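Q: Pasting a structure here, questions to come.
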Amino acid sequence: MREMTADKKKTHRDILQEIYRKALTIVNDAVVRHLFDEFGTEEKKYLQTVIDNFEKGKGVLTVLITSLVHKLHNPAQDIRLHQDNMNGGYSGRGIDTKYVTPFMKEMEFPSMAESGWLTRSLEQNLPYDFHYPGKITPDELKRAFLNLLDLIQNQNRSPEKYLLALFVKLIEYREQKKIDLAKPTNLSISAIVHDLKEHFEAGYSCRGASRLPTLAVYAVYQCMIKELKRFEGKQLMPLEEHTSPDKRSGMVGDIEVRNAKGRVFEAVEIKHGISINTNLIRDAYEKFKSHPIERYYLLTTAEEDLSHAGSIAKEVSRISKIHGCQVIVNGIYPTLKYYLRLLHDPYDFIDNYVESLKSDKTIKYEHKLKWNEIVSRQVS
């Protein structure tokens with residue numbers, strides 16, 4: 001990446017706008033991963049901590065951005081000396097109030113009312129070094145903030161790359177909240193399944209794609225629970241967070257339907273890009289064997305591996321004899337196609353799926369953009 005050259009003719013606002021334009025290009029070209037590949041493990045950890053605290057740590061975010069911008073404006077400045085009454089210091093609050101916070105508001109990024117330096121934990125008249133006593137919370141955010149400044153000041157790391165990384169993630173964060181997702185109304189069932197397959201299996205630079213098949217199957221269950229006689233008097237349980245292990249959450253699958261007594265009636269385990277084998281079936285049985293469950297689905301986006309067909313059939317038969325549960329192994333795409341044919345109006349499924357894309361915390365801006373791109377080709 002080409003670095004900015006120090007140019008004192010550029011104002012702080014010029015620098016903010018230039019880095020923002022570069023960040024926008026990176027987001028639009030979907031090359032975010034390449035930017036973060038340039039950082040070491042510790043740098044990634046510190047940046048991710050700031051990113052994870054965009055809202056709760058707006059003061060730290062604002063002060064950090066101000067420090068980075070001023071380092072680009074005046075490379076000789078020790079940016080840890082953030083008040084002009086310090087020996088060799090500068091007025092961070094003045095630069096923030098005049099340039100940074102107005103810019104943050106204009107870009108619709110998380111921002112302070114006036115300045116990050118009005119936060120009690122950041123306003124103390126002491127350098128931002130490892131002895132800084134301000135009670136920045138959580139503790140890991142304080143460590144990240146002070147370490148990033150130290151890396152720039154003492155280890156000659158690039159303030160531009162850090163600022164670029166923050167702006168890229170701020171743009172994604174902003175767009176993730178406001179992107180208008182398409183809900184096509186006249187797609188055939190085959191077209192819907194085709195679009196879903198493309199959405200699940202696209203090459204993404206971010207994590208979270210493995211959540212998409214789960215959201216799709218959950219969306220069709222949201223329809224079936226209302227329409228099918230089999231599910232009368234049953235309750236579809238809310239989805240767990242993507243990072244919650246089933247054992248810890250108490251669920252026997254990614255998706256659960258319970259009866260009026262709160263007992264598991266039907267469950268679905270979903271795998272993305274992983275073929276189902278006997279080990280996965282045995283793992284599933286260990287989770288549901290103490291429940292009076294009638295059906296347990298193991299669905300995958302992977303192609304069927306016929307070499308496992310015989311052993312899978314034997315294991316399914318064994319579990320049926322021991323427990324009585326019908327274990328069903330299938331591909332996600334034929335399953336979705338079958339379920340969609342049972343629905344009164346497949347648009348209800350589309351509506352549920354898109355609403356899940358909007359609300360699920362695992363789903364990133366890139367996944368949403370890809371959905372709009374896919375369906376726009378179908379309807380154009």
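FYI, nothing fancy with the structure tokens labels: chains A, B, ... in order, residues from 1 per chain, ligands from 1 as they appear.
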Name the residues of range 42-273 of chain A that fall into strand (DSSP E or B) according to DSSP on the backbone, using the chain letters and numbers of this document, as a PyMOL selection string.

A: chain A and resi 235-236+255-258+264-271

Q: Would you save the residues from that selection as a JSON list (two decimals), in the first residue's frame, using C-alpha atoms?

A:
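Here's the written file part-v8.json:
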```json
[["chain", "number", "residue", "atom", "x", "y", "z"],
["A", 235, "GLN", "CA", -42.54, -23.85, 19.38],
["A", 236, "LEU", "CA", -39.53, -22.90, 17.27],
["A", 255, "ILE", "CA", -32.34, -25.41, 15.21],
["A", 256, "GLU", "CA", -34.85, -26.86, 17.68],
["A", 257, "VAL", "CA", -38.60, -27.32, 17.73],
["A", 258, "ARG", "CA", -40.13, -28.13, 21.13],
["A", 264, "VAL", "CA", -37.33, -31.37, 22.05],
["A", 265, "PHE", "CA", -39.57, -32.58, 19.22],
["A", 266, "GLU", "CA", -37.33, -32.03, 16.19],
["A", 267, "ALA", "CA", -33.83, -30.64, 15.67],
["A", 268, "VAL", "CA", -31.51, -29.74, 12.83],
["A", 269, "GLU", "CA", -27.71, -29.73, 12.74],
["A", 270, "ILE", "CA", -26.23, -27.81, 9.81],
["A", 271, "LYS", "CA", -22.76, -28.18, 8.29]]
```

Q: Can you check which residues of range 225-268 of chain A DSSP gives as helix (DSSP H, G or I) on the backbone and send them as a ChimeraX atom specification?

A: /A:225-227,229-231,246-249

Q: Dump N, CA and C atoms for the selected residues as a PDB file, in the first residue's frame?

A:
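Listed below is the output, part17.pdb:
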```pdb
ATOM      1  N   ILE A 225     -43.637 -23.687  10.846  1.00  0.00           N
ATOM      2  CA  ILE A 225     -44.208 -23.770  12.193  1.00  0.00           C
ATOM      3  C   ILE A 225     -45.612 -23.185  12.227  1.00  0.00           C
ATOM      4  N   LYS A 226     -45.879 -22.254  11.301  1.00  0.00           N
ATOM      5  CA  LYS A 226     -47.196 -21.615  11.230  1.00  0.00           C
ATOM      6  C   LYS A 226     -48.148 -22.348  10.293  1.00  0.00           C
ATOM      7  N   GLU A 227     -47.595 -23.051   9.302  1.00  0.00           N
ATOM      8  CA  GLU A 227     -48.439 -23.571   8.227  1.00  0.00           C
ATOM      9  C   GLU A 227     -48.689 -25.079   8.265  1.00  0.00           C
ATOM     10  N   LYS A 229     -49.406 -28.891   9.645  1.00  0.00           N
ATOM     11  CA  LYS A 229     -50.134 -29.564  10.725  1.00  0.00           C
ATOM     12  C   LYS A 229     -49.178 -30.269  11.686  1.00  0.00           C
ATOM     13  N   ARG A 230     -48.074 -30.777  11.168  1.00  0.00           N
ATOM     14  CA  ARG A 230     -47.095 -31.479  12.007  1.00  0.00           C
ATOM     15  C   ARG A 230     -46.608 -30.607  13.157  1.00  0.00           C
ATOM     16  N   PHE A 231     -46.597 -29.292  12.954  1.00  0.00           N
ATOM     17  CA  PHE A 231     -46.031 -28.391  13.958  1.00  0.00           C
ATOM     18  C   PHE A 231     -47.090 -27.651  14.783  1.00  0.00           C
ATOM     19  N   ASP A 246     -23.100 -26.134  21.357  1.00  0.00           N
ATOM     20  CA  ASP A 246     -24.382 -26.737  21.723  1.00  0.00           C
ATOM     21  C   ASP A 246     -24.386 -27.247  23.158  1.00  0.00           C
ATOM     22  N   LYS A 247     -23.253 -27.846  23.604  1.00  0.00           N
ATOM     23  CA  LYS A 247     -23.214 -28.405  24.958  1.00  0.00           C
ATOM     24  C   LYS A 247     -23.406 -27.316  25.998  1.00  0.00           C
ATOM     25  N   ARG A 248     -22.785 -26.152  25.752  1.00  0.00           N
ATOM     26  CA  ARG A 248     -22.882 -25.074  26.730  1.00  0.00           C
ATOM     27  C   ARG A 248     -24.271 -24.444  26.706  1.00  0.00           C
ATOM     28  N   SER A 249     -24.863 -24.342  25.511  1.00  0.00           N
ATOM     29  CA  SER A 249     -26.154 -23.673  25.401  1.00  0.00           C
ATOM     30  C   SER A 249     -27.305 -24.581  25.821  1.00  0.00           C
TER      31      SER A 249
END
```

Q: Record the distance separating CA of Pro213 in chain A and CA of Asp254 in chain A, expressed in Å with one decimal.

A: 10.6 Å

Q: Go through range 127-193 of chain A and flag each residue having an atom no more than 9 Å from range 338-348 of chain A; for those, report the closest pair of atoms plus their distance in Å to one decimal, using only C-alpha atoms, ordered by chain and rising number, as a tab-separated table.

A:
```
residue	atom	partner	partner_atom	distance
A:Lys183	CA	A:Tyr347	CA	8.1
A:Pro184	CA	A:Tyr347	CA	7.7
A:Thr185	CA	A:Tyr347	CA	5.9
A:Asn186	CA	A:Tyr347	CA	7.7
A:Leu187	CA	A:Tyr347	CA	8.2
A:Ser188	CA	A:Pro346	CA	8.4
A:Ile189	CA	A:Leu340	CA	6.7
A:Ile192	CA	A:Pro346	CA	8.7
```

Q: Save the residues we just selected, C-alpha atoms, as a PDB file, in the first residue's frame?

A:
```pdb
ATOM      1  CA  LYS A 183     -36.632  -8.842  -1.023  1.00  0.00           C
ATOM      2  CA  PRO A 184     -37.558 -10.164  -4.489  1.00  0.00           C
ATOM      3  CA  THR A 185     -41.219 -11.138  -4.750  1.00  0.00           C
ATOM      4  CA  ASN A 186     -41.572 -13.243  -7.893  1.00  0.00           C
ATOM      5  CA  LEU A 187     -38.743 -15.761  -7.835  1.00  0.00           C
ATOM      6  CA  SER A 188     -39.423 -19.409  -8.597  1.00  0.00           C
ATOM      7  CA  ILE A 189     -38.418 -21.996  -6.012  1.00  0.00           C
ATOM      8  CA  ILE A 192     -34.534 -19.047  -4.753  1.00  0.00           C
TER       9      ILE A 192
END
```

Q: Please identify all polymer residues within 10 Å of Val329 in chain A, counting only C-alpha atoms, omitting same-chain residues fewer than 5 positions from it, and present them as a ChimeraX atom specification.

A: /A:269,276-277,281,296-300,304,309,312-313,316,335

Q: So how many Å separate CA of Glu42 in chain A and CA of Leu166 in chain A, to one decimal?

A: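 These two atoms are separated by 15.5 Å.
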
Q: Select, from A:Gln176, A:Gln153, A:Thr301, A:Ser307, the residue with the minimum atom-to-atom distance to Lys368 in chain A, counting only C-alpha atoms.

A: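 For Lys368 in chain A, the nearest of the given residues is A:Gln176.
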
Q: Quick check, in Å to one decimal: how far apart do CA of His82 in chain A and CA of Phe109 in chain A lie?

A: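 It comes out at 22.6 Å.
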
Q: Do you know which residues are at most 12 Å from Gly208 in chain A counting only C-alpha atoms, after dropping those on the same chain fewer than 6 positions away, and could you put them as a PDB file with C-alpha atoms, in the first residue's frame?

A:
```pdb
ATOM      1  CA  HIS A 199     -24.937 -16.657  -1.410  1.00  0.00           C
ATOM      2  CA  PHE A 200     -23.658 -19.454   0.839  1.00  0.00           C
ATOM      3  CA  GLU A 201     -20.705 -20.419  -1.341  1.00  0.00           C
ATOM      4  CA  ALA A 202     -19.396 -17.046  -2.542  1.00  0.00           C
ATOM      5  CA  THR A 214     -28.445 -21.949   9.294  1.00  0.00           C
ATOM      6  CA  LEU A 215     -30.342 -18.685   8.787  1.00  0.00           C
ATOM      7  CA  GLU A 241     -25.319 -17.039  18.989  1.00  0.00           C
ATOM      8  CA  HIS A 242     -23.084 -18.496  16.276  1.00  0.00           C
ATOM      9  CA  THR A 243     -20.214 -18.932  18.749  1.00  0.00           C
ATOM     10  CA  HIS A 272     -21.239 -25.863   5.707  1.00  0.00           C
ATOM     11  CA  LEU A 357     -29.474 -11.112   7.494  1.00  0.00           C
ATOM     12  CA  ASP A 360     -27.883 -11.535  13.023  1.00  0.00           C
ATOM     13  CA  LYS A 361     -24.662 -10.272  14.607  1.00  0.00           C
ATOM     14  CA  THR A 362     -22.498 -12.754  12.709  1.00  0.00           C
ATOM     15  CA  ILE A 363     -23.524 -11.404   9.312  1.00  0.00           C
ATOM     16  CA  LYS A 364     -21.179  -8.782   7.892  1.00  0.00           C
ATOM     17  CA  TYR A 365     -21.551  -5.980   5.379  1.00  0.00           C
ATOM     18  CA  GLU A 366     -19.913  -8.120   2.680  1.00  0.00           C
ATOM     19  CA  HIS A 367     -22.547 -10.872   3.059  1.00  0.00           C
ATOM     20  CA  LYS A 368     -25.328  -8.308   2.688  1.00  0.00           C
TER      21      LYS A 368
END
```

Q: Using only C-alpha atoms, which residue out of A:Ile79, A:Leu126, A:Met224, A:Val327 lies closest to Asn154 in chain A?

A: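 So, comparing all the options, the nearest one is A:Ile79.
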
Q: Would you list the contacts of Phe349 in chain A as number ranges by chain, taking every protein, DNA or RNA residue within 8 Å and counting only C-alpha atoms, but skipping same-chain residues closer than 4 positions in sequence?

A: A: 219-220, 222-223, 340, 345, 353

Q: So that I have them on file, write out the residues from the current selection with C-alpha atoms, as a PDB file, in the first residue's frame.

A:
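Resulting contents of selection.pdb:
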```pdb
ATOM      1  CA  ALA A 219     -36.262 -19.005   7.925  1.00  0.00           C
ATOM      2  CA  VAL A 220     -38.117 -21.908   6.326  1.00  0.00           C
ATOM      3  CA  GLN A 222     -40.382 -19.977  10.733  1.00  0.00           C
ATOM      4  CA  CYS A 223     -42.843 -20.510   7.889  1.00  0.00           C
ATOM      5  CA  LEU A 340     -40.343 -24.371  -0.044  1.00  0.00           C
ATOM      6  CA  ASP A 345     -46.106 -18.374  -0.396  1.00  0.00           C
ATOM      7  CA  TYR A 353     -34.220 -14.822   5.530  1.00  0.00           C
TER       8      TYR A 353
END
```

Q: Name the closest residue to Gly59 in chain A among the candidates A:Glu240, A:Glu175, A:Asp129, A:Glu123; distances are taken between atoms, counting only C-alpha atoms.

A: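 Of all the options, A:Glu123 lies closest to Gly59 in chain A.
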
Q: Considering only C-alpha atoms, state which residue in the set A:Tyr285, A:Phe130, A:Phe145, A:Trp371 is at the smallest distance from Ala182 in chain A.

A: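 The closest residue to Ala182 in chain A is A:Trp371.
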
Q: With distances taken over only C-alpha atoms, which residue among A:Met107, A:Ala209, A:Leu239, A:Ile319 lies nearest Asp283 in chain A?

A: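 Answer, going by the shortest atom-to-atom distance: A:Ile319.
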
Q: With only C-alpha atoms as the basis for distance, which of A:Met237, A:Val354, A:Ala23, A:Leu68 is at the shortest distance from Tyr162 in chain A?

A: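 Of all the options, A:Leu68 lies closest to Tyr162 in chain A.
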